[in-house]
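What follows is structure05.cif (mmCIF, C-alpha atoms).
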```
data_upload
#
loop_
_atom_site.label_atom_id
_atom_site.label_comp_id
_atom_site.auth_asym_id
_atom_site.auth_seq_id
_atom_site.Cartn_x
_atom_site.Cartn_y
_atom_site.Cartn_z
CA MET A 741 72.90 81.88 -59.81
CA ILE A 742 73.99 81.97 -63.47
CA ALA A 743 76.38 84.92 -63.40
CA PRO A 744 77.03 87.91 -61.09
CA LEU A 745 74.37 90.10 -62.72
CA PHE A 746 72.91 93.27 -61.25
CA ARG A 747 69.24 92.99 -60.26
CA THR A 748 67.09 95.67 -61.89
CA ARG A 749 63.52 94.74 -60.95
CA GLU A 750 61.57 94.72 -57.72
CA GLY A 751 59.15 91.99 -56.80
CA ARG A 752 58.88 88.52 -55.38
CA GLU A 753 61.52 86.02 -56.33
CA PHE A 754 61.44 82.26 -55.96
CA PRO A 755 63.55 80.62 -53.21
CA ALA A 756 67.22 80.75 -54.18
CA PHE A 757 67.66 76.98 -54.08
CA LEU A 758 64.91 76.57 -56.72
CA TYR A 759 66.74 78.90 -59.11
CA SER A 760 69.94 76.92 -58.55
CA LEU A 761 68.18 73.58 -58.91
CA ALA A 762 66.64 74.68 -62.22
CA ILE A 763 69.85 75.85 -63.89
CA ASP A 764 71.97 73.02 -62.50
CA MET A 765 69.56 70.32 -63.64
CA PHE A 766 69.39 72.10 -67.00
CA ALA A 767 73.18 71.81 -67.27
CA VAL A 768 72.83 68.11 -66.49
CA VAL A 769 70.13 67.36 -69.09
CA GLN A 770 72.05 69.38 -71.66
CA HIS A 771 75.44 67.74 -71.13
CA TRP A 772 75.22 64.49 -69.14
CA GLU A 773 75.79 61.40 -71.26
CA PRO A 774 75.15 58.08 -69.51
CA PRO A 775 77.03 54.93 -70.43
CA ALA A 776 75.44 52.49 -72.85
CA VAL A 777 73.14 50.63 -70.46
CA PRO A 778 69.51 49.50 -70.59
CA GLY A 779 66.85 52.15 -70.08
CA SER A 780 65.99 51.19 -66.51
CA GLU A 781 69.66 51.36 -65.48
CA ARG A 782 70.02 54.70 -67.26
CA GLY A 783 67.06 56.00 -65.28
CA ARG A 784 68.61 54.91 -61.98
CA LEU A 785 71.89 56.59 -62.87
CA PHE A 786 70.00 59.76 -63.76
CA GLU A 787 68.24 59.69 -60.39
CA SER A 788 71.58 59.21 -58.63
CA VAL A 789 72.80 62.52 -60.09
CA LEU A 790 69.93 64.33 -58.38
CA TYR A 791 70.51 62.52 -55.08
CA ARG A 792 74.21 63.39 -55.10
CA TYR A 793 73.28 66.98 -55.91
CA CYS A 794 70.87 67.24 -52.99
CA ASN A 795 73.39 65.67 -50.64
CA SER A 796 76.10 68.07 -51.76
CA ARG A 797 73.81 71.11 -51.43
CA LYS A 798 72.41 70.01 -48.05
CA LEU A 799 68.88 69.71 -49.41
CA THR A 800 66.72 67.34 -47.38
CA LEU A 801 65.40 64.45 -49.47
CA THR A 802 62.46 62.82 -47.70
CA GLU A 803 61.86 60.45 -50.63
CA THR A 804 64.00 58.74 -53.24
CA ALA A 805 63.23 56.19 -55.96
CA GLY A 806 60.98 53.43 -54.64
CA SER A 807 59.36 55.60 -51.98
CA ARG A 808 55.58 55.37 -51.80
CA THR A 809 54.96 58.59 -49.91
CA LEU A 810 55.47 62.33 -50.34
CA ARG A 811 57.05 64.09 -47.39
CA ARG A 812 56.30 60.78 -45.66
CA VAL A 813 52.56 61.26 -46.23
CA ALA A 814 50.56 58.52 -47.96
CA ALA A 815 48.19 59.26 -50.85
CA ALA A 816 44.51 59.73 -50.01
CA SER A 817 43.37 57.01 -52.41
CA GLY A 818 45.55 54.36 -50.85
CA PHE A 819 47.45 53.94 -54.13
CA ARG A 820 51.14 53.48 -53.45
CA HIS A 821 52.41 56.08 -55.92
CA GLU A 822 56.17 56.00 -56.42
CA SER A 823 58.11 59.22 -55.92
CA ASP A 824 61.47 59.71 -57.62
CA GLY A 825 62.39 62.43 -55.17
CA ALA A 826 61.02 65.00 -52.75
CA ILE A 827 62.88 67.95 -51.26
CA ALA A 828 61.47 69.20 -47.97
CA THR A 829 62.18 72.54 -46.33
CA PRO A 830 60.39 74.02 -43.31
CA ALA A 831 58.39 76.22 -45.71
CA LEU A 832 57.66 74.10 -48.81
CA THR A 833 57.86 70.76 -50.62
CA VAL A 834 59.32 70.04 -54.07
CA HIS A 835 58.03 66.86 -55.72
CA LEU A 836 60.44 65.63 -58.42
CA GLU A 837 59.93 63.33 -61.38
CA LEU A 838 62.96 62.24 -63.41
CA LYS A 839 62.85 60.71 -66.88
CA HIS A 840 65.72 59.84 -69.20
CA LEU A 841 64.04 58.30 -72.24
CA SER A 842 65.29 57.70 -75.76
CA GLU A 843 62.22 59.47 -77.14
CA GLU A 844 60.28 62.66 -76.48
CA LEU A 845 58.39 62.82 -73.19
CA ASP A 846 54.67 62.66 -73.88
CA LYS A 847 51.65 64.00 -72.06
CA ASN A 848 50.83 60.74 -70.28
CA GLU A 849 53.92 61.08 -68.09
CA LEU A 850 52.79 64.57 -67.08
CA LEU A 851 49.21 63.42 -66.48
CA VAL A 852 50.35 60.67 -64.11
CA PHE A 853 52.76 62.99 -62.28
CA ASN A 854 50.06 65.63 -61.85
CA GLN A 855 47.57 63.10 -60.55
CA LYS A 856 50.06 61.87 -57.97
CA GLY A 857 50.30 65.41 -56.58
CA LEU A 858 46.51 65.72 -56.40
CA ASP A 859 46.23 62.38 -54.59
CA PHE A 860 48.89 63.26 -52.04
CA LEU A 861 47.39 66.72 -51.49
CA ALA A 862 43.99 65.15 -50.77
CA SER A 863 45.46 63.31 -47.77
CA ASP A 864 44.22 64.12 -44.28
CA ASP A 865 47.55 65.63 -43.20
CA ALA A 866 46.86 69.33 -42.62
CA SER A 867 50.52 70.17 -42.05
CA PHE A 868 51.46 68.70 -45.43
CA ARG A 869 48.65 70.55 -47.22
CA SER A 870 49.64 73.85 -45.63
CA LYS A 871 53.10 73.83 -47.23
CA PRO A 872 53.32 74.96 -50.89
CA LEU A 873 53.81 71.93 -53.13
CA TYR A 874 55.99 72.71 -56.16
CA ARG A 875 56.39 70.08 -58.88
CA VAL A 876 59.48 69.69 -61.07
CA ILE A 877 59.93 67.23 -63.94
CA VAL A 878 63.49 66.74 -65.18
CA SER A 879 63.70 65.08 -68.59
CA GLY A 880 66.78 63.97 -70.47
CA SER A 881 64.79 64.19 -73.71
CA PRO A 882 62.64 67.06 -75.03
CA LEU A 883 58.98 67.24 -74.11
CA LYS A 884 56.31 66.90 -76.76
CA PRO A 885 54.49 70.23 -77.31
CA GLU A 886 51.30 69.05 -75.62
CA ALA A 887 53.28 67.84 -72.59
CA ARG A 888 55.07 71.18 -72.37
CA ARG A 889 51.76 73.02 -72.53
CA PHE A 890 50.25 70.79 -69.84
CA ALA A 891 53.17 71.54 -67.53
CA VAL A 892 52.65 75.29 -67.93
CA GLN A 893 48.90 74.90 -67.45
CA TRP A 894 49.32 73.09 -64.14
CA GLY A 895 52.27 75.10 -62.79
CA ILE A 896 54.84 72.31 -63.18
CA LEU A 897 58.43 73.38 -63.84
CA ALA A 898 59.72 71.35 -66.79
CA ILE A 899 63.48 71.06 -67.27
CA GLU A 900 64.45 69.66 -70.69
CA PRO A 901 67.31 69.99 -73.18
CA ASP A 902 67.62 73.04 -75.45
CA ARG A 903 65.16 75.33 -73.60
CA LEU A 904 66.10 77.55 -70.69
CA PRO A 905 63.85 76.58 -67.77
CA LEU A 906 61.15 79.13 -66.99
CA LEU A 907 62.71 79.75 -63.58
CA SER A 908 66.06 80.59 -65.16
CA LEU A 909 64.35 82.90 -67.63
CA HIS A 910 62.60 84.64 -64.74
CA TRP A 911 65.88 85.14 -62.88
CA LEU A 912 67.51 86.63 -65.97
CA ALA A 913 64.55 88.92 -66.73
CA GLY A 914 65.03 90.56 -63.34
CA ARG A 915 68.62 91.51 -64.08
CA HIS A 916 70.75 93.50 -66.49
CA VAL A 917 72.17 91.01 -69.01
CA PRO A 918 74.98 92.32 -71.25
CA HIS A 919 74.78 91.58 -74.98
CA LEU A 920 71.01 90.96 -74.85
CA TYR A 921 69.40 91.89 -78.16
CA ASN A 922 65.86 91.69 -79.54
CA VAL A 923 64.22 91.39 -76.11
CA ASP A 924 62.96 94.85 -75.23
CA ASP A 925 62.27 96.14 -71.73
CA GLN A 926 58.53 95.60 -72.11
CA THR A 927 59.07 91.92 -72.91
CA GLN A 928 61.52 91.55 -70.04
CA GLY A 929 58.95 93.08 -67.69
CA ALA A 930 56.24 90.75 -68.96
CA ILE A 931 58.47 87.72 -68.37
CA TRP A 932 59.26 88.93 -64.86
CA ARG A 933 55.56 89.40 -64.02
CA GLU A 934 54.10 86.37 -65.76
CA ILE A 935 56.38 83.44 -64.93
CA PRO A 936 55.38 83.42 -61.23
CA HIS A 937 51.89 82.54 -62.51
CA PHE A 938 53.20 79.52 -64.43
CA VAL A 939 55.50 77.90 -61.88
CA VAL A 940 53.24 77.67 -58.86
CA PRO A 941 52.41 75.39 -55.96
CA LEU A 942 49.64 72.90 -56.73
CA GLN A 943 47.48 74.48 -54.03
CA GLU A 944 47.52 77.79 -55.91
CA ARG A 945 46.46 76.19 -59.16
CA LEU A 946 43.64 74.32 -57.41
CA SER A 947 42.49 77.53 -55.75
CA ARG A 948 42.21 79.24 -59.12
CA LEU A 949 40.42 76.24 -60.56
CA SER A 950 37.90 76.43 -57.73
CA GLY A 951 37.40 80.13 -58.45
CA ALA A 952 36.94 79.42 -62.13
CA LEU A 953 34.29 76.77 -61.42
CA SER A 954 32.33 79.27 -59.35
CA GLY A 955 32.56 81.83 -62.15
CA GLY A 956 34.83 84.29 -60.38
CA VAL A 957 38.21 83.96 -62.13
CA GLU A 958 39.84 82.12 -64.99
CA VAL A 959 42.49 79.50 -64.32
CA VAL A 960 45.06 80.60 -66.91
CA SER A 961 44.00 81.82 -70.34
CA ASN A 962 45.16 80.06 -73.48
CA HIS A 963 46.68 83.33 -74.69
CA ARG A 964 48.85 83.66 -71.57
CA ILE A 965 50.00 80.04 -71.82
CA GLU A 966 50.94 80.47 -75.49
CA ARG A 967 52.75 83.72 -74.70
CA ALA A 968 54.74 82.09 -71.89
CA MET A 969 55.80 79.25 -74.17
CA GLU A 970 56.79 81.75 -76.85
CA HIS A 971 58.86 83.73 -74.36
CA GLN A 972 60.64 80.54 -73.31
CA ARG A 973 61.40 79.57 -76.89
CA VAL A 974 62.25 82.93 -78.44
CA ALA A 975 63.36 85.24 -75.63
CA GLY A 976 65.00 82.25 -73.94
CA ASP A 977 67.21 81.72 -76.98
CA TYR A 978 68.23 85.37 -77.03
CA TYR A 979 69.13 85.26 -73.34
CA TRP A 980 71.14 82.09 -73.99
CA MET A 981 73.01 83.75 -76.85
CA ALA A 982 73.72 86.77 -74.63
CA LEU A 983 75.23 84.52 -71.97
CA GLU A 984 77.34 82.76 -74.62
CA GLU A 985 78.50 86.13 -75.98
CA GLU A 986 79.84 86.91 -72.51
CA ASP A 987 81.22 83.39 -71.95
CA PRO A 988 80.88 80.80 -74.75
CA ASN A 989 81.41 77.93 -72.32
CA TRP A 990 79.24 79.08 -69.42
CA LEU A 991 76.90 76.08 -69.45
CA ALA A 992 79.54 73.43 -70.21
CA ASP A 993 81.70 74.91 -67.45
CA ARG A 994 78.78 74.79 -65.06
CA TYR A 995 78.27 71.14 -65.89
CA ASP A 996 81.98 70.40 -65.52
CA ALA A 997 81.92 71.99 -62.06
CA LEU A 998 78.92 69.86 -61.10
CA HIS A 999 80.62 66.78 -62.51
CA ARG A 1000 83.57 67.35 -60.19
CA GLU A 1001 81.46 68.40 -57.20
CA LEU A 1002 79.21 65.34 -57.44
CA ASP A 1003 82.03 62.96 -58.41
CA LEU A 1004 79.98 61.66 -61.30
CA ASP A 1005 82.80 59.47 -62.58
CA ASN A 1006 82.09 57.30 -59.55
CA ALA A 1007 78.33 57.79 -59.47
CA ALA A 1008 77.37 54.32 -60.69
CA ASP A 1009 76.54 52.37 -57.57
CA ARG A 1010 74.87 49.46 -59.36
CA GLY A 1011 77.68 47.91 -61.34
CA THR A 1012 78.35 50.48 -64.07
CA ASP A 1013 81.92 51.64 -64.34
CA HIS A 1014 81.36 55.34 -64.92
CA CYS A 1015 79.12 58.15 -66.10
CA ASN A 1016 80.61 59.66 -69.22
CA ARG A 1017 81.28 63.36 -69.25
CA GLN A 1018 80.85 64.57 -72.81
CA PRO A 1019 79.79 68.22 -72.90
CA MET A 1020 77.89 68.89 -76.10
CA ARG A 1021 78.12 72.26 -77.78
CA THR A 1022 74.86 73.48 -79.22
CA GLU A 1023 74.30 76.32 -81.64
CA ARG A 1024 71.53 78.72 -80.72
CA VAL A 1025 69.11 79.45 -83.56
CA ARG A 1026 68.00 83.05 -83.83
CA HIS A 1027 64.25 83.49 -83.93
CA ALA A 1028 62.21 86.49 -84.96
CA SER A 1029 62.39 89.47 -82.64
CA VAL A 1030 59.96 89.55 -79.75
#
```

Mind turning the file's structure into structure tokens?
Amino acid sequence: MIAPLFRTREGREFPAFLYSLAIDMFAVVQHWEPPAVPGSERGRLFESVLYRYCNSRKLTLTETAGSRTLRRVAAASGFRHESDGAIATPALTVHLELKHLSEELDKNELLVFNQKGLDFLASDDASFRSKPLYRVIVSGSPLKPEARRFAVQWGILAIEPDRLPLLSLHWLAGRHVPHLYNVDDQTQGAIWREIPHFVVPLQERLSRLSGALSGGVEVVSNHRIERAMEHQRVAGDYYWMALEEEDPNWLADRYDALHRELDLDNAADRGTDHCNRQPMRTERVRHASV
């Protein structure tokens, strides 16, 4: 997925295409530079990258920008919510929201996206409800802290610049990573065990909420949410530095390969000449040991 690393831990993994989607979209938000166009046009170009990706990887998109359904199911309320994208497999659904703003993504965007999922899940389509509904938000700008926390709280995978996605961190924690320092085995084990509780189908989060309301279980404690965010920030940086120690250009090279695969120089279908390819090198900042 990221590198040919030896798996060292037993336990459930996420579907392979979700791991690939997470790290590939991370490469895109880290390195893709759109041409100088208005915000709405930039957003459409950003969406086109995802659509080309899904087409290239043979992922079934049941919805694209402008769609008013999710897996061709209408929302229970009758509101015609717009879906940026939805990937459907026989076993699950991935609802995608894409944002490429010139400012940090705030909590309102997450609140609206979450509510859309709830409204679609409340539909009277039993087949749709029976399939795990994962939510992924891909942002070309960083999330505000409260938006990031909300995503973890509701099981939404957030992909943003400068932070390894939680799914990528989970994949790495299950493997032997050369040159990894300051992340001990206990922390690696905690990451491996905990992240599957923070990237979850909406049905699972609602089930826990129902249990919490009846007094049986907690949804997710504040301490666990804070710890997950700390692991992403601190341990995630150490994993990133370990990967760069092995190959300083691993992420830029991954983006370059995607750029060629998806033919992004010719991705502008609405009158823009090209999508610029300007890989940006970033220096990882060492945090305190975890």

Assuming the chain letters and numbering stay as they are in my file, what does the PyMOL selection byres ((chain A and resi 863) around 8) actually select? List them as an MDAnalysis selection string. chainID A and resid 813:816 859:862 864:865 869

Could you list, as a VMD selection string, every residue within 10 Å of Leu758 (chain A), counting only C-alpha atoms and ignoring same-chain residues fewer than 5 positions away? chain A and resid 763 to 764 834 874 876 907 to 908

Applying the PyMOL selection byres ((chain A and resi 936-944) around 8) to the file I just gave you, which residues come out? Please list them as an MDAnalysis selection string. chainID A and resid 857:858 869 872:875 892:897 906:907 932:935 945:948

Proximity to Thr800 (chain A) - best of A:Phe766, A:Tyr921, A:Phe757, A:Trp772, only C-alpha atoms: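 Under the stated criterion, the closest residue is A:Phe757.
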
Need the shell around region 842-856 of chain A: protein/DNA/RNA residues with any atom at most 8 Å away, counting all atoms listed in the file. Skip same-chain ones fewer than 5 positions apart. Format as a CSV table (one decimal) with C-alpha atoms, in the coordinates of the input?
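Wrote it out as result.csv, contents follow:
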```
chain,number,residue,atom,x,y,z
A,815,ALA,CA,48.2,59.3,-50.8
A,821,HIS,CA,52.4,56.1,-55.9
A,837,GLU,CA,59.9,63.3,-61.4
A,879,SER,CA,63.7,65.1,-68.6
A,881,SER,CA,64.8,64.2,-73.7
A,882,PRO,CA,62.6,67.1,-75.0
A,883,LEU,CA,59.0,67.2,-74.1
A,884,LYS,CA,56.3,66.9,-76.8
A,886,GLU,CA,51.3,69.0,-75.6
A,887,ALA,CA,53.3,67.8,-72.6
A,888,ARG,CA,55.1,71.2,-72.4
A,890,PHE,CA,50.2,70.8,-69.8
A,891,ALA,CA,53.2,71.5,-67.5
A,894,TRP,CA,49.3,73.1,-64.1
```

Closest of A:Arg973, A:Cys794, A:Lys871, A:Arg820 to Leu836 (chain A) - atom-to-atom distances counting all atoms listed in the file: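 Under the stated criterion, the closest residue is A:Cys794.
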
Rounded to one decimal in Å, what is the spacing between CA of Arg808 (chain A) and CA of Thr833 (chain A)?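 Between these atoms lies a distance of 15.6 Å.
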
Result set of the PyMOL selection byres ((chain A and resi 745) around 12) on the coordinates above, as a PyMOL selection string: chain A and resi 741-744+746-749+911-918+983+986

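When CA of Leu920 (chain A) is paired with CA of Gly880 (chain A), their separation reads 27.7 Å.
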
Please, can region 841-852 of chain A be completed to all heavy atoms and returned as a CSV table (one decimal), in the coordinates of the input?
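Wrote it out as result38.csv, contents follow:
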```
chain,number,residue,atom,x,y,z
A,841,LEU,N,64.5,59.2,-71.2
A,841,LEU,CA,64.0,58.3,-72.2
A,841,LEU,C,64.8,58.5,-73.5
A,841,LEU,O,65.5,59.5,-73.7
A,841,LEU,CB,62.5,58.5,-72.5
A,841,LEU,CG,61.6,58.5,-71.2
A,841,LEU,CD1,60.2,58.7,-71.6
A,841,LEU,CD2,61.8,57.1,-70.5
A,842,SER,N,64.7,57.6,-74.4
A,842,SER,CA,65.3,57.7,-75.8
A,842,SER,C,64.4,58.4,-76.8
A,842,SER,O,64.7,58.5,-77.9
A,842,SER,CB,65.7,56.3,-76.3
A,842,SER,OG,64.6,55.4,-76.3
A,843,GLU,N,63.2,58.8,-76.3
A,843,GLU,CA,62.2,59.5,-77.1
A,843,GLU,C,61.6,60.7,-76.4
A,843,GLU,O,61.9,60.9,-75.2
A,843,GLU,CB,61.1,58.5,-77.5
A,843,GLU,CG,60.4,57.9,-76.3
A,843,GLU,CD,59.5,56.7,-76.6
A,843,GLU,OE1,59.6,56.2,-77.7
A,843,GLU,OE2,58.7,56.4,-75.7
A,844,GLU,N,60.9,61.5,-77.1
A,844,GLU,CA,60.3,62.7,-76.5
A,844,GLU,C,59.3,62.2,-75.4
A,844,GLU,O,58.7,61.2,-75.4
A,844,GLU,CB,59.5,63.5,-77.5
A,844,GLU,CG,60.4,64.2,-78.5
A,844,GLU,CD,59.6,65.1,-79.5
A,844,GLU,OE1,58.5,64.7,-79.8
A,844,GLU,OE2,60.1,66.2,-79.8
A,845,LEU,N,59.3,63.1,-74.3
A,845,LEU,CA,58.4,62.8,-73.2
A,845,LEU,C,57.0,63.2,-73.6
A,845,LEU,O,56.8,64.4,-74.0
A,845,LEU,CB,58.9,63.6,-72.0
A,845,LEU,CG,58.3,63.2,-70.6
A,845,LEU,CD1,58.8,61.8,-70.2
A,845,LEU,CD2,58.6,64.2,-69.6
A,846,ASP,N,56.0,62.3,-73.4
A,846,ASP,CA,54.7,62.7,-73.9
A,846,ASP,C,53.8,63.1,-72.7
A,846,ASP,O,54.2,63.0,-71.5
A,846,ASP,CB,54.0,61.5,-74.7
A,846,ASP,CG,53.8,60.3,-73.9
A,846,ASP,OD1,53.6,60.4,-72.6
A,846,ASP,OD2,53.7,59.2,-74.5
A,847,LYS,N,52.6,63.4,-73.0
A,847,LYS,CA,51.6,64.0,-72.1
A,847,LYS,C,51.2,63.0,-71.0
A,847,LYS,O,50.9,63.4,-69.8
A,847,LYS,CB,50.4,64.6,-72.7
A,847,LYS,CG,49.5,63.5,-73.4
A,847,LYS,CD,48.3,64.1,-74.0
A,847,LYS,CE,47.3,63.1,-74.6
A,847,LYS,NZ,47.9,62.2,-75.5
A,848,ASN,N,51.2,61.7,-71.3
A,848,ASN,CA,50.8,60.7,-70.3
A,848,ASN,C,51.7,60.8,-69.0
A,848,ASN,O,51.2,60.6,-67.9
A,848,ASN,CB,50.8,59.3,-70.9
A,848,ASN,CG,49.7,59.2,-71.9
A,848,ASN,OD1,48.7,59.9,-71.8
A,848,ASN,ND2,49.9,58.2,-72.8
A,849,GLU,N,53.0,61.0,-69.2
A,849,GLU,CA,53.9,61.1,-68.1
A,849,GLU,C,53.6,62.3,-67.2
A,849,GLU,O,53.6,62.2,-66.0
A,849,GLU,CB,55.4,61.2,-68.6
A,849,GLU,CG,55.9,60.1,-69.5
A,849,GLU,CD,56.1,58.8,-68.7
A,849,GLU,OE1,56.0,58.8,-67.4
A,849,GLU,OE2,56.4,57.8,-69.3
A,850,LEU,N,53.2,63.4,-67.8
A,850,LEU,CA,52.8,64.6,-67.1
A,850,LEU,C,51.5,64.4,-66.4
A,850,LEU,O,51.3,64.8,-65.2
A,850,LEU,CB,52.7,65.8,-68.0
A,850,LEU,CG,54.0,66.6,-68.3
A,850,LEU,CD1,54.5,67.3,-67.0
A,850,LEU,CD2,55.1,65.8,-68.9
A,851,LEU,N,50.5,63.7,-67.1
A,851,LEU,CA,49.2,63.4,-66.5
A,851,LEU,C,49.3,62.6,-65.2
A,851,LEU,O,48.7,62.9,-64.2
A,851,LEU,CB,48.3,62.7,-67.5
A,851,LEU,CG,47.8,63.5,-68.7
A,851,LEU,CD1,47.2,62.6,-69.7
A,851,LEU,CD2,46.7,64.5,-68.2
A,852,VAL,N,50.2,61.5,-65.3
A,852,VAL,CA,50.4,60.7,-64.1
A,852,VAL,C,51.0,61.4,-63.0
A,852,VAL,O,50.6,61.4,-61.8
A,852,VAL,CB,51.2,59.4,-64.5
A,852,VAL,CG1,51.6,58.6,-63.2
A,852,VAL,CG2,50.4,58.5,-65.5
```
